[in-house]
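Worksheet: one structure, shown below.
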Amino acid sequence: MKKWQLVGSTTVLGTALLLGACGGAAEKSDSKSEDKGSNTAAKDIKGEVNGDGSSTVAPVTEKINEQFNAEYPDVTVSIGTSGTGGGFEKFIAGETDFSNASRDIKDEEKKALEDKKIEYTEFKIASDGLTVAVNKENDFVDYLTFDELKKIYSGEAKTWKDVRADFPADEIKAFSPDQSHGTYDFFSEEVLDEGEIKAEKNADTNVIVKSVQDNKAGIGFFGYNFYQENKDNLKAVKIQKEGKGEGVEATEESVKDGSYPLSRPLYIYAKNDSLKKNEAFKTFMKFTLEKAKDASKESGYVPLEDKEYEEAVKTLEAVK
């Protein structure tokens, strides 16, 4: 099994990257000069950046951080994965500069930040399709409706036959992220009308994936990225919301145009005070938004349109 947010940014990119492909001695000389200046600027940026939050968003920010570390070796960026809810707890406590989130910030979290006088900016960095998957050997589930998902995850259905009459009478083995995850909150809100999810819960999404792989009657849900990384050992389920057809498959196109019923945005929430006072953090956020398009796609998610990242850059620059 393979294991593995709306601000803007203007990363410090050496013009050598733009000129390197050009011929001629003059161009090469200019390129070296610009590259030297860029490296000097990078070496001047020092400090620490702390983030936490969604394990769904983490693959994107981790991938970006690998590139950032190569260009800014004197900046240490820590990215925890305590889940969206756990990340917001640390954000509210003033322990982090940014919080990765796979759902919108809740009203009570907004109020807690307001009470602490912590101002923030929301940055959307990609889109995700929360993917429902069953065991690879499951030969009877091709699609599920919202009502059927609700039967399964409310605990109403004990066997697959309880879900649909022509399904076998095998006991359902349902798996879910725990309450620390934005994925839990999103599924609960969209499918269960904010009801409690009844399933075997785990904080580690990789454990959920493995559990579905190991149980012939298993079903679980997680970010599109986790499915893509393990699709040879899982069977994705099409989702039907309106009671018509046999459901929509989670694909890059269906997530991007919103036709997949469990599409959702992925965010980074940045503390404004840190953006103003921590040059290393603002530089990291600039770099993040410059690299988010490619990093999101490489991580198995759906990137935004170029104009959305451009607007995010403007939003970041407006935080003074």
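Here's how to read the names in the structure tokens: chain A, B, ... by the order shown, residue numbers from 1 in each chain, ligand numbers from 1 in the order shown.
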Inset, instruction - Would you kindly return, as number ranges by chain, each protein, DNA or RNA residue with an atom no farther than 6 Å from any atom of A:Pro303, considering only C-alpha atoms and excluding same-chain residues fewer than 2 positions away? - result: A: 126, 293, 296-297
Inset, instruction - Mind checking which residues fall within 12 Å of A:Phe88, counting only C-alpha atoms, ignoring those fewer than 5 positions away in the same chain, and posting them as a PyMOL selection string? - result: chain A and resi 51-54+80-83+93-113+118+120+180-182+268-271
Inset, instruction - Find the spatial neighbours of A:Ala217, counting only C-alpha atoms, within a cut-off of 9 Å - ignore same-chain residues fewer than 5 positions away - and output them as a VMD selection string. - result: chain A and resid 134 to 135 137 to 138 160 170 to 174 212
Go ahead and dump the residues you just picked, C-alpha atoms, as an mmCIF file, in the first residue's frame.
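Okay, this is what ended up in result.cif:
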```
data_model
loop_
_atom_site.group_PDB
_atom_site.id
_atom_site.type_symbol
_atom_site.label_atom_id
_atom_site.label_comp_id
_atom_site.auth_asym_id
_atom_site.auth_seq_id
_atom_site.Cartn_x
_atom_site.Cartn_y
_atom_site.Cartn_z
ATOM 1 C CA VAL A 134 -14.904 -0.761 -1.438
ATOM 2 C CA ASN A 135 -12.769 -3.887 -1.476
ATOM 3 C CA GLU A 137 -13.146 -8.133 -4.808
ATOM 4 C CA ASN A 138 -16.539 -6.476 -4.279
ATOM 5 C CA TRP A 160 -25.242 -5.025 2.543
ATOM 6 C CA ASP A 170 -22.813 -9.949 4.349
ATOM 7 C CA GLU A 171 -22.149 -7.775 7.394
ATOM 8 C CA ILE A 172 -20.879 -4.314 6.447
ATOM 9 C CA LYS A 173 -17.402 -3.327 7.613
ATOM 10 C CA ALA A 174 -17.496 0.476 7.502
ATOM 11 C CA VAL A 212 -10.826 -1.622 3.176
#
```
Inset, instruction - Find the spatial neighbours of stretch 185-193 of chain A, counting only C-alpha atoms, within a cut-off of 12 Å - ignore same-chain residues fewer than 6 positions away - and output them as a VMD selection string. - result: chain A and resid 54 83 to 85 101 to 106 128 to 132 144 to 156 176 to 179 199 220 to 223 239 to 241 261 to 266
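Using only C-alpha atoms, the nearest neighbour of A:Val319 within the list A:Ala133, A:Leu289, A:Leu275, A:Val302 is A:Leu275.
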Inset, instruction - Please indicate the distance in Å from atom CA of A:Val60 to atom CA of A:Ala295, rounded to one decimal place. - result: 5.6 Å
